[in-house]
$ cat upload.cif   # mmCIF, C-alpha atoms; chains and numbers go by the auth columns
data_protein
#
loop_
_atom_site.group_PDB
_atom_site.id
_atom_site.type_symbol
_atom_site.label_atom_id
_atom_site.label_comp_id
_atom_site.label_asym_id
_atom_site.label_seq_id
_atom_site.Cartn_x
_atom_site.Cartn_y
_atom_site.Cartn_z
_atom_site.B_iso_or_equiv
_atom_site.auth_seq_id
_atom_site.auth_asym_id
ATOM 1 C CA MET A 1 133.700 200.374 84.337 0.00 1 V
ATOM 2 C CA LYS A 2 135.335 203.114 82.317 0.00 2 V
ATOM 3 C CA ILE A 3 133.255 203.576 79.167 0.00 3 V
ATOM 4 C CA ALA A 4 134.478 205.778 76.317 0.00 4 V
ATOM 5 C CA VAL A 5 131.936 207.498 74.085 0.00 5 V
ATOM 6 C CA TYR A 6 133.192 208.694 70.709 0.00 6 V
ATOM 7 C CA GLY A 7 130.593 210.408 68.560 0.00 7 V
ATOM 8 C CA GLY A 8 130.913 212.026 65.175 0.00 8 V
ATOM 9 C CA THR A 9 129.514 212.288 61.701 0.00 9 V
ATOM 10 C CA PHE A 10 131.892 209.465 60.632 0.00 10 V
ATOM 11 C CA ASN A 11 131.326 210.352 56.977 0.00 11 V
ATOM 12 C CA PRO A 12 133.192 208.037 56.629 0.00 12 V
ATOM 13 C CA ILE A 13 135.009 206.750 59.689 0.00 13 V
ATOM 14 C CA HIS A 14 138.753 206.758 58.947 0.00 14 V
ATOM 15 C CA ASN A 15 142.127 205.767 60.381 0.00 15 V
ATOM 16 C CA ALA A 16 142.600 208.939 62.438 0.00 16 V
ATOM 17 C CA HIS A 17 139.299 208.280 64.270 0.00 17 V
ATOM 18 C CA ILE A 18 140.404 204.722 65.056 0.00 18 V
ATOM 19 C CA HIS A 19 143.893 205.850 66.078 0.00 19 V
ATOM 20 C CA LEU A 20 142.539 208.457 68.533 0.00 20 V
ATOM 21 C CA ALA A 21 140.090 206.021 70.145 0.00 21 V
ATOM 22 C CA SER A 22 142.707 203.256 70.342 0.00 22 V
ATOM 23 C CA GLU A 23 145.356 205.494 71.900 0.00 23 V
ATOM 24 C CA PHE A 24 142.979 206.889 74.510 0.00 24 V
ATOM 25 C CA SER A 25 141.803 203.377 75.310 0.00 25 V
ATOM 26 C CA ARG A 26 145.375 202.173 75.766 0.00 26 V
ATOM 27 C CA ARG A 27 146.418 205.127 77.923 0.00 27 V
ATOM 28 C CA VAL A 28 143.295 205.532 80.076 0.00 28 V
ATOM 29 C CA GLY A 29 142.371 201.848 80.235 0.00 29 V
ATOM 30 C CA PHE A 30 138.784 201.893 78.999 0.00 30 V
ATOM 31 C CA ASP A 31 136.701 198.778 79.532 0.00 31 V
ATOM 32 C CA LYS A 32 134.515 199.663 76.561 0.00 32 V
ATOM 33 C CA VAL A 33 134.690 202.075 73.605 0.00 33 V
ATOM 34 C CA ILE A 34 131.393 202.979 71.917 0.00 34 V
ATOM 35 C CA LEU A 35 131.399 204.657 68.498 0.00 35 V
ATOM 36 C CA ILE A 36 128.223 206.685 67.860 0.00 36 V
ATOM 37 C CA PRO A 37 127.514 208.049 64.373 0.00 37 V
ATOM 38 C CA ALA A 38 125.413 211.225 64.474 0.00 38 V
ATOM 39 C CA ASN A 39 122.013 211.528 62.843 0.00 39 V
ATOM 40 C CA ILE A 40 122.236 215.258 62.093 0.00 40 V
ATOM 41 C CA PRO A 41 125.481 216.872 63.345 0.00 41 V
ATOM 42 C CA PRO A 42 124.519 220.143 65.109 0.00 42 V
ATOM 43 C CA HIS A 43 127.999 221.715 64.892 0.00 43 V
ATOM 44 C CA LYS A 44 128.716 221.613 61.167 0.00 44 V
ATOM 45 C CA ARG A 45 127.129 221.401 57.761 0.00 45 V
ATOM 46 C CA VAL A 46 128.269 218.334 55.873 0.00 46 V
ATOM 47 C CA GLY A 47 128.167 217.947 52.122 0.00 47 V
ATOM 48 C CA ASP A 48 127.964 214.436 50.666 0.00 48 V
ATOM 49 C CA LEU A 49 126.480 213.047 53.877 0.00 49 V
ATOM 50 C CA ALA A 50 126.074 209.304 53.421 0.00 50 V
ATOM 51 C CA ASP A 51 122.911 207.668 54.684 0.00 51 V
ATOM 52 C CA GLY A 52 122.908 206.881 58.387 0.00 52 V
ATOM 53 C CA ALA A 53 122.647 203.152 57.693 0.00 53 V
ATOM 54 C CA ASP A 54 125.818 203.292 55.580 0.00 54 V
ATOM 55 C CA ARG A 55 127.762 205.294 58.168 0.00 55 V
ATOM 56 C CA LEU A 56 126.619 202.867 60.879 0.00 56 V
ATOM 57 C CA ALA A 57 127.697 199.876 58.770 0.00 57 V
ATOM 58 C CA MET A 58 131.137 201.422 58.142 0.00 58 V
ATOM 59 C CA CYS A 59 131.586 202.099 61.862 0.00 59 V
ATOM 60 C CA ARG A 60 130.740 198.464 62.606 0.00 60 V
ATOM 61 C CA LEU A 61 133.278 197.243 60.042 0.00 61 V
ATOM 62 C CA ALA A 62 135.980 199.520 61.464 0.00 62 V
ATOM 63 C CA ALA A 63 135.136 198.577 65.066 0.00 63 V
ATOM 64 C CA GLN A 64 135.379 194.798 64.600 0.00 64 V
ATOM 65 C CA GLU A 65 139.150 194.698 64.404 0.00 65 V
ATOM 66 C CA TYR A 66 139.597 196.734 67.579 0.00 66 V
ATOM 67 C CA GLY A 67 136.896 195.285 69.791 0.00 67 V
ATOM 68 C CA PHE A 68 134.965 198.562 69.885 0.00 68 V
ATOM 69 C CA GLU A 69 131.181 198.687 70.109 0.00 69 V
ATOM 70 C CA VAL A 70 128.915 200.756 67.870 0.00 70 V
ATOM 71 C CA SER A 71 125.591 202.311 68.889 0.00 71 V
ATOM 72 C CA ASP A 72 122.769 203.636 66.695 0.00 72 V
ATOM 73 C CA ILE A 73 121.395 205.653 69.632 0.00 73 V
ATOM 74 C CA GLU A 74 121.674 208.975 67.752 0.00 74 V
ATOM 75 C CA LEU A 75 120.451 207.607 64.422 0.00 75 V
ATOM 76 C CA ARG A 76 117.300 206.312 66.130 0.00 76 V
ATOM 77 C CA ARG A 77 116.626 209.685 67.732 0.00 77 V
ATOM 78 C CA GLN A 78 114.942 212.250 65.500 0.00 78 V
ATOM 79 C CA GLY A 79 116.489 215.656 64.858 0.00 79 V
ATOM 80 C CA PRO A 80 119.975 216.995 65.633 0.00 80 V
ATOM 81 C CA SER A 81 122.304 214.739 67.632 0.00 81 V
ATOM 82 C CA TYR A 82 123.053 216.581 70.854 0.00 82 V
ATOM 83 C CA THR A 83 125.781 215.093 73.025 0.00 83 V
ATOM 84 C CA ALA A 84 123.983 215.966 76.276 0.00 84 V
ATOM 85 C CA ASP A 85 120.949 213.899 75.220 0.00 85 V
ATOM 86 C CA THR A 86 123.155 210.956 74.244 0.00 86 V
ATOM 87 C CA LEU A 87 125.099 211.020 77.507 0.00 87 V
ATOM 88 C CA GLU A 88 121.854 211.132 79.495 0.00 88 V
ATOM 89 C CA GLU A 89 120.608 208.028 77.670 0.00 89 V
ATOM 90 C CA LEU A 90 123.890 206.212 78.218 0.00 90 V
ATOM 91 C CA HIS A 91 123.973 207.202 81.890 0.00 91 V
ATOM 92 C CA ARG A 92 120.592 205.500 82.313 0.00 92 V
ATOM 93 C CA VAL A 93 122.030 202.332 80.743 0.00 93 V
ATOM 94 C CA TYR A 94 125.306 202.476 82.728 0.00 94 V
ATOM 95 C CA PRO A 95 124.359 204.274 85.975 0.00 95 V
ATOM 96 C CA GLU A 96 127.264 202.879 88.021 0.00 96 V
ATOM 97 C CA ASP A 97 129.986 203.438 85.413 0.00 97 V
ATOM 98 C CA THR A 98 132.138 206.437 84.461 0.00 98 V
ATOM 99 C CA LEU A 99 131.563 207.840 80.996 0.00 99 V
ATOM 100 C CA TYR A 100 134.441 209.440 79.063 0.00 100 V
ATOM 101 C CA LEU A 101 133.744 211.619 76.020 0.00 101 V
ATOM 102 C CA ILE A 102 136.516 211.528 73.393 0.00 102 V
ATOM 103 C CA THR A 103 136.891 214.751 71.395 0.00 103 V
ATOM 104 C CA GLY A 104 139.407 216.240 68.996 0.00 104 V
ATOM 105 C CA GLU A 105 141.060 219.596 69.624 0.00 105 V
ATOM 106 C CA ASP A 106 138.574 221.678 67.620 0.00 106 V
ATOM 107 C CA MET A 107 135.505 220.279 69.344 0.00 107 V
ATOM 108 C CA PHE A 108 137.052 220.392 72.815 0.00 108 V
ATOM 109 C CA LEU A 109 137.874 224.094 72.425 0.00 109 V
ATOM 110 C CA THR A 110 134.208 224.908 71.711 0.00 110 V
ATOM 111 C CA LEU A 111 132.639 222.737 74.416 0.00 111 V
ATOM 112 C CA LEU A 112 131.174 225.663 76.369 0.00 112 V
ATOM 113 C CA GLN A 113 129.263 226.673 73.217 0.00 113 V
ATOM 114 C CA TRP A 114 127.580 223.262 72.909 0.00 114 V
ATOM 115 C CA ARG A 115 124.014 222.685 74.012 0.00 115 V
ATOM 116 C CA ARG A 116 123.880 222.178 77.808 0.00 116 V
ATOM 117 C CA PRO A 117 127.655 222.085 78.397 0.00 117 V
ATOM 118 C CA LEU A 118 127.320 221.894 82.185 0.00 118 V
ATOM 119 C CA ASP A 119 125.214 218.740 81.861 0.00 119 V
ATOM 120 C CA ILE A 120 127.808 217.240 79.510 0.00 120 V
ATOM 121 C CA MET A 121 130.566 217.923 82.051 0.00 121 V
ATOM 122 C CA LYS A 122 128.456 216.465 84.852 0.00 122 V
ATOM 123 C CA LEU A 123 127.822 213.270 82.885 0.00 123 V
ATOM 124 C CA ALA A 124 131.269 212.578 81.416 0.00 124 V
ATOM 125 C CA VAL A 125 134.995 213.129 81.752 0.00 125 V
ATOM 126 C CA ILE A 126 136.067 215.084 78.655 0.00 126 V
ATOM 127 C CA CYS A 127 139.059 213.663 76.759 0.00 127 V
ATOM 128 C CA ALA A 128 141.013 215.586 74.136 0.00 128 V
ATOM 129 C CA ALA A 129 144.199 215.402 72.097 0.00 129 V
ATOM 130 C CA PRO A 130 145.979 218.156 70.140 0.00 130 V
ATOM 131 C CA ARG A 131 146.193 218.427 66.349 0.00 131 V
ATOM 132 C CA SER A 132 149.641 220.036 66.377 0.00 132 V
ATOM 133 C CA SER A 133 152.662 220.767 68.588 0.00 133 V
ATOM 134 C CA GLU A 134 151.067 224.101 69.555 0.00 134 V
ATOM 135 C CA GLY A 135 147.778 222.484 70.498 0.00 135 V
ATOM 136 C CA MET A 136 148.557 221.142 73.968 0.00 136 V
ATOM 137 C CA PRO A 137 148.932 224.571 75.687 0.00 137 V
ATOM 138 C CA ARG A 138 145.584 225.653 74.187 0.00 138 V
ATOM 139 C CA LEU A 139 143.920 222.469 75.436 0.00 139 V
ATOM 140 C CA ALA A 140 145.458 222.876 78.896 0.00 140 V
ATOM 141 C CA ALA A 141 144.245 226.477 79.183 0.00 141 V
ATOM 142 C CA TYR A 142 140.724 225.534 78.105 0.00 142 V
ATOM 143 C CA ALA A 143 140.721 222.530 80.437 0.00 143 V
ATOM 144 C CA GLN A 144 141.315 224.949 83.331 0.00 144 V
ATOM 145 C CA GLU A 145 138.230 226.916 82.246 0.00 145 V
ATOM 146 C CA LEU A 146 136.159 223.736 82.152 0.00 146 V
ATOM 147 C CA GLU A 147 137.453 222.611 85.531 0.00 147 V
ATOM 148 C CA LYS A 148 136.423 225.947 87.072 0.00 148 V
ATOM 149 C CA GLN A 149 132.877 225.048 86.028 0.00 149 V
ATOM 150 C CA GLY A 150 133.050 221.543 87.458 0.00 150 V
ATOM 151 C CA GLY A 151 134.425 219.746 84.404 0.00 151 V
ATOM 152 C CA ARG A 152 136.800 216.782 84.556 0.00 152 V
ATOM 153 C CA THR A 153 139.293 216.427 81.735 0.00 153 V
ATOM 154 C CA VAL A 154 141.930 214.029 80.415 0.00 154 V
ATOM 155 C CA LEU A 155 144.444 215.460 77.935 0.00 155 V
ATOM 156 C CA GLU A 156 146.758 213.098 76.061 0.00 156 V
ATOM 157 C CA ASN A 157 149.427 214.101 73.553 0.00 157 V
ATOM 158 C CA VAL A 158 148.359 211.506 70.987 0.00 158 V
ATOM 159 C CA GLU A 159 150.226 211.659 67.678 0.00 159 V
ATOM 160 C CA TYR A 160 147.967 213.392 65.162 0.00 160 V
ATOM 161 C CA LEU A 161 147.231 211.508 61.955 0.00 161 V
ATOM 162 C CA PRO A 162 146.560 213.972 59.103 0.00 162 V
ATOM 163 C CA VAL A 163 143.487 212.201 57.744 0.00 163 V
ATOM 164 C CA SER A 164 140.006 213.714 57.416 0.00 164 V
ATOM 165 C CA SER A 165 136.665 212.543 56.081 0.00 165 V
ATOM 166 C CA THR A 166 136.808 215.396 53.543 0.00 166 V
ATOM 167 C CA MET A 167 140.124 214.001 52.298 0.00 167 V
ATOM 168 C CA VAL A 168 138.634 210.509 51.938 0.00 168 V
ATOM 169 C CA ARG A 169 135.564 211.749 50.052 0.00 169 V
ATOM 170 C CA GLY A 170 137.757 213.836 47.744 0.00 170 V
ATOM 171 C CA ALA A 171 139.987 210.860 46.961 0.00 171 V
ATOM 172 C CA VAL A 172 136.945 208.732 46.111 0.00 172 V
ATOM 173 C CA LYS A 173 135.634 211.432 43.746 0.00 173 V
ATOM 174 C CA ARG A 174 139.031 211.576 42.017 0.00 174 V
ATOM 175 C CA ARG A 175 139.062 207.760 41.831 0.00 175 V
ATOM 176 C CA GLU A 176 142.238 207.587 43.926 0.00 176 V
ATOM 177 C CA SER A 177 143.055 204.821 46.383 0.00 177 V
ATOM 178 C CA ILE A 178 141.819 205.339 49.944 0.00 178 V
ATOM 179 C CA GLY A 179 143.676 202.279 51.240 0.00 179 V
ATOM 180 C CA GLY A 180 145.914 204.267 53.594 0.00 180 V
ATOM 181 C CA LEU A 181 143.112 206.486 54.841 0.00 181 V
ATOM 182 C CA VAL A 182 140.424 204.066 56.050 0.00 182 V
ATOM 183 C CA PRO A 183 140.356 200.453 57.295 0.00 183 V
ATOM 184 C CA ALA A 184 140.366 197.931 54.426 0.00 184 V
ATOM 185 C CA ALA A 185 136.817 196.755 55.156 0.00 185 V
ATOM 186 C CA VAL A 186 135.556 200.364 55.034 0.00 186 V
ATOM 187 C CA ALA A 187 137.334 200.997 51.714 0.00 187 V
ATOM 188 C CA GLU A 188 135.675 197.887 50.298 0.00 188 V
ATOM 189 C CA TYR A 189 132.247 198.984 51.573 0.00 189 V
ATOM 190 C CA ILE A 190 132.618 202.449 49.999 0.00 190 V
ATOM 191 C CA HIS A 191 133.622 200.856 46.692 0.00 191 V
ATOM 192 C CA GLN A 192 130.830 198.271 46.693 0.00 192 V
ATOM 193 C CA HIS A 193 128.117 200.791 47.581 0.00 193 V
ATOM 194 C CA HIS A 194 129.451 203.574 45.287 0.00 194 V
ATOM 195 C CA LEU A 195 129.527 206.067 48.156 0.00 195 V
ATOM 196 C CA TYR A 196 130.962 209.579 47.656 0.00 196 V
ATOM 197 C CA GLU A 197 131.412 209.145 43.903 0.00 197 V
ATOM 198 C CA GLY A 198 129.482 212.332 43.222 0.00 198 V
ATOM 199 C CA ARG A 199 127.169 210.897 40.595 0.00 199 V
#
$ encode --input "upload.cif" --output "structure tokens"
Amino acid sequence: MKIAVYGGTFNPIHNAHIHLASEFSRRVGFDKVILIPANIPPHKRVGDLADGADRLAMCRLAAQEYGFEVSDIELRRQGPSYTADTLEELHRVYPEDTLYLITGEDMFLTLLQWRRPLDIMKLAVICAAPRSSEGMPRLAAYAQELEKQGGRTVLENVEYLPVSSTMVRGAVKRRESIGGLVPAAVAEYIHQHHLYEGR
């Protein structure tokens, strides 16, 4: 099987996350897409970080409509959520299958600075999409660097949706509608649980 792994803070998960995973799934033909909310993201400091249980619940709500799966593998593990550790765990569960790691442009272009990048490239095919019309040449150049070190990559020119978790949290604080930014079920969850209101 082709199994896509898409990790992130998902604080909250939003329409651009879903769009990227859906487009890669359609183009590459994944048999399974697994969303994995991070416990502690090692690459960035996040203000207003919702509880892991809330981020997991929102991922599950967003995933239902698209047939994606959601794993709490990183939330159950103590400490920072390192991709290499997660891929090793998943490889033990799916030893005969091919893992694909979905990343955005920014994360892809820093992959060699991650913890144990060679192990990551050994365990998964790295997928990336650009954020702008200038992004694809940058991705292609970096993909060549990764391939020199044994990496396998899939680059797709997926249309970029200009939505971010920061944008969603800001809209909630300003009491603006987030209907066009996140799936309806996620918007309802945020409202019901008073997430990101800044009280």
$ resolve_selection --input "upload.cif" --expression "the PyMOL selection byres ((chain V and resi 13) around 10)" --output "VMD selection string"
chain V and resid 8 to 12 14 to 18 35 37 55 to 56 58 to 63 164 to 165 168 181 to 183 186
$ resolve_selection --input "upload.cif" --expression "the PyMOL selection byres ((chain V and resi 125) around 12)" --output "ChimeraX atom specification"
/V:2-5,28,87,97-103,108,118-124,126-128,143,146-147,150-155
$ atom_distance --input "upload.cif" --atom1 "CA of Thr166 (chain V)" --atom2 "CA of Tyr189 (chain V)"
17.1 Å
$ atom_distance --input "upload.cif" --atom1 "CA of Ala129 (chain V)" --atom2 "CA of Phe24 (chain V)"
8.9 Å
$ closest_residue --input "upload.cif" --among "V:Ile178, V:Ala185, V:Leu111, V:Val158" --to "Ser25 (chain V)" --atoms "only C-alpha atoms"
V:Val158
$ resolve_selection --input "upload.cif" --expression "the PyMOL selection byres ((chain V and resi 79) around 8)" --output "JSON list (two decimals) with C-alpha atoms, in the frame of the given file"
[["chain", "number", "residue", "atom", "x", "y", "z"],
["V", 39, "ASN", "CA", 122.01, 211.53, 62.84],
["V", 40, "ILE", "CA", 122.24, 215.26, 62.09],
["V", 77, "ARG", "CA", 116.63, 209.68, 67.73],
["V", 78, "GLN", "CA", 114.94, 212.25, 65.50],
["V", 80, "PRO", "CA", 119.98, 217.00, 65.63],
["V", 81, "SER", "CA", 122.30, 214.74, 67.63]]
$ closest_residue --input "upload.cif" --among "V:Tyr196, V:Tyr66, V:Trp114, V:Tyr94" --to "Glu23 (chain V)" --atoms "all atoms listed in the file"
V:Tyr66
$ atom_distance --input "upload.cif" --atom1 "CA of Arg76 (chain V)" --atom2 "CA of Gly7 (chain V)"
14.1 Å
$ closest_residue --input "upload.cif" --among "V:Asp48, V:Leu20, V:His193, V:Ala184" --to "Val163 (chain V)" --atoms "only C-alpha atoms"
V:Leu20
$ axis_aligned_box --input "upload.cif" --around "region 153-159 of chain V" --padding-each-side "8 Å" --output "AutoDock Vina command-line options"
--center_x 144.8 --center_y 214.0 --center_z 74.7 --size_x 26.9 --size_y 20.9 --size_z 30.1
$ closest_residue --input "upload.cif" --among "V:Glu96, V:Val70, V:Pro117, V:Gln64" --to "Thr83 (chain V)" --atoms "all atoms listed in the file"
V:Pro117
$ closest_residue --input "upload.cif" --among "V:Ala38, V:Met167, V:Met107, V:Leu139" --to "Asp54 (chain V)" --atoms "only C-alpha atoms"
V:Ala38
$ closest_residue --input "upload.cif" --among "V:Glu134, V:Glu156, V:Val93, V:Leu49" --to "Arg26 (chain V)" --atoms "only C-alpha atoms"
V:Glu156
